[in-house]
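Student: Okay, handing you the structure first.
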Amino acid sequence: MKLLILALITLFISGCSGISDVKPWEKGRLSDDSMKNSAGNTLLGKFDAHVYFSKEASKGGGGVAGGGCGCN
């Protein structure tokens with residue numbers, strides 16, 4: 001039993017060794033709309049917006065920047 005557990009742990013750890021960083025030329029694909037959580041699903045997009053403004057206690061401001069006094 002201990003040998004089986006040791007073999008499984010070794011297998012899981014060795015499986016993580018193939019993880020590498022994202023190369024700069026691969027980042028363009030990751031920023032496509034199809035890679036976003038609500039890709040093409042308007043209902044999911046509306047739900048995400050609802051969760052965001054519910055947590056932030058504010059509504060709007062998801063578009064272009066603006067509002068406020070402009071002070072930094």
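Each chain in the structure tokens gets a letter, A, B and so on, in the order shown; residues start at 1 in every chain, and ligands are counted from 1 in the order they appear.
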Give me, as a short mmCIF file (atom, residue, chain, number, x, y, z; two decimals) with N, CA and C atoms, in the first residue's frame, the residues of segment 3-40 of chain A that a backbone DSSP run labels helix (DSSP H, G or I).
Tutor:
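Listing of part-v3.cif after writing:
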data_model
loop_
_atom_site.label_atom_id
_atom_site.label_comp_id
_atom_site.auth_asym_id
_atom_site.auth_seq_id
_atom_site.Cartn_x
_atom_site.Cartn_y
_atom_site.Cartn_z
N LEU A 3 3.87 1.49 -1.09
CA LEU A 3 4.55 1.58 -2.38
C LEU A 3 3.63 2.18 -3.44
N LEU A 4 2.37 1.85 -3.39
CA LEU A 4 1.39 2.40 -4.33
C LEU A 4 1.22 3.91 -4.11
N ILE A 5 1.13 4.31 -2.87
CA ILE A 5 1.00 5.75 -2.56
C ILE A 5 2.24 6.50 -3.00
N LEU A 6 3.41 5.94 -2.75
CA LEU A 6 4.66 6.57 -3.17
C LEU A 6 4.73 6.67 -4.69
N ALA A 7 4.28 5.64 -5.39
CA ALA A 7 4.28 5.66 -6.85
C ALA A 7 3.32 6.72 -7.38
N LEU A 8 2.15 6.87 -6.77
CA LEU A 8 1.19 7.88 -7.21
C LEU A 8 1.71 9.29 -6.96
N ILE A 9 2.31 9.52 -5.81
CA ILE A 9 2.88 10.83 -5.51
C ILE A 9 3.98 11.17 -6.51
N THR A 10 4.84 10.21 -6.81
CA THR A 10 5.91 10.42 -7.78
C THR A 10 5.33 10.73 -9.16
N LEU A 11 4.27 10.06 -9.53
CA LEU A 11 3.62 10.28 -10.82
C LEU A 11 3.03 11.69 -10.90
N PHE A 12 2.36 12.12 -9.85
CA PHE A 12 1.77 13.45 -9.84
C PHE A 12 2.84 14.55 -9.88
N ILE A 13 3.91 14.36 -9.12
CA ILE A 13 4.98 15.36 -9.11
C ILE A 13 5.68 15.42 -10.45
N SER A 14 5.93 14.30 -11.07
CA SER A 14 6.59 14.30 -12.37
C SER A 14 5.69 14.88 -13.46
N GLY A 15 4.39 14.80 -13.28
CA GLY A 15 3.46 15.39 -14.24
C GLY A 15 3.51 16.90 -14.23
N CYS A 16 3.86 17.49 -13.11
CA CYS A 16 3.95 18.95 -13.00
C CYS A 16 5.26 19.49 -13.57
N SER A 17 6.21 18.65 -13.88
CA SER A 17 7.50 19.14 -14.36
C SER A 17 7.41 19.67 -15.78
N GLY A 18 6.38 19.32 -16.53
CA GLY A 18 6.24 19.78 -17.91
C GLY A 18 5.59 21.15 -18.04
N PRO A 24 5.98 34.97 -25.14
CA PRO A 24 5.36 36.22 -25.60
C PRO A 24 4.52 36.05 -26.86
N TRP A 25 4.92 35.19 -27.78
CA TRP A 25 4.17 35.02 -29.01
C TRP A 25 2.91 34.17 -28.81
N GLU A 26 2.78 33.55 -27.65
CA GLU A 26 1.58 32.78 -27.34
C GLU A 26 0.52 33.62 -26.62
N LYS A 27 0.90 34.78 -26.13
CA LYS A 27 -0.02 35.60 -25.35
C LYS A 27 -1.13 36.20 -26.20
N GLY A 28 -0.89 36.39 -27.50
CA GLY A 28 -1.93 36.92 -28.38
C GLY A 28 -3.12 35.97 -28.46
N ARG A 29 -2.87 34.71 -28.51
CA ARG A 29 -3.95 33.71 -28.57
C ARG A 29 -4.72 33.68 -27.26
N LEU A 30 -4.04 33.86 -26.14
CA LEU A 30 -4.71 33.81 -24.85
C LEU A 30 -5.60 35.02 -24.61
N ASP A 33 -11.07 36.68 -27.71
CA ASP A 33 -12.39 36.63 -27.06
C ASP A 33 -12.82 35.20 -26.77
N SER A 34 -12.38 34.26 -27.60
CA SER A 34 -12.79 32.87 -27.39
C SER A 34 -12.16 32.26 -26.13
N MET A 35 -11.13 32.90 -25.59
CA MET A 35 -10.47 32.38 -24.40
C MET A 35 -11.04 32.98 -23.11
#
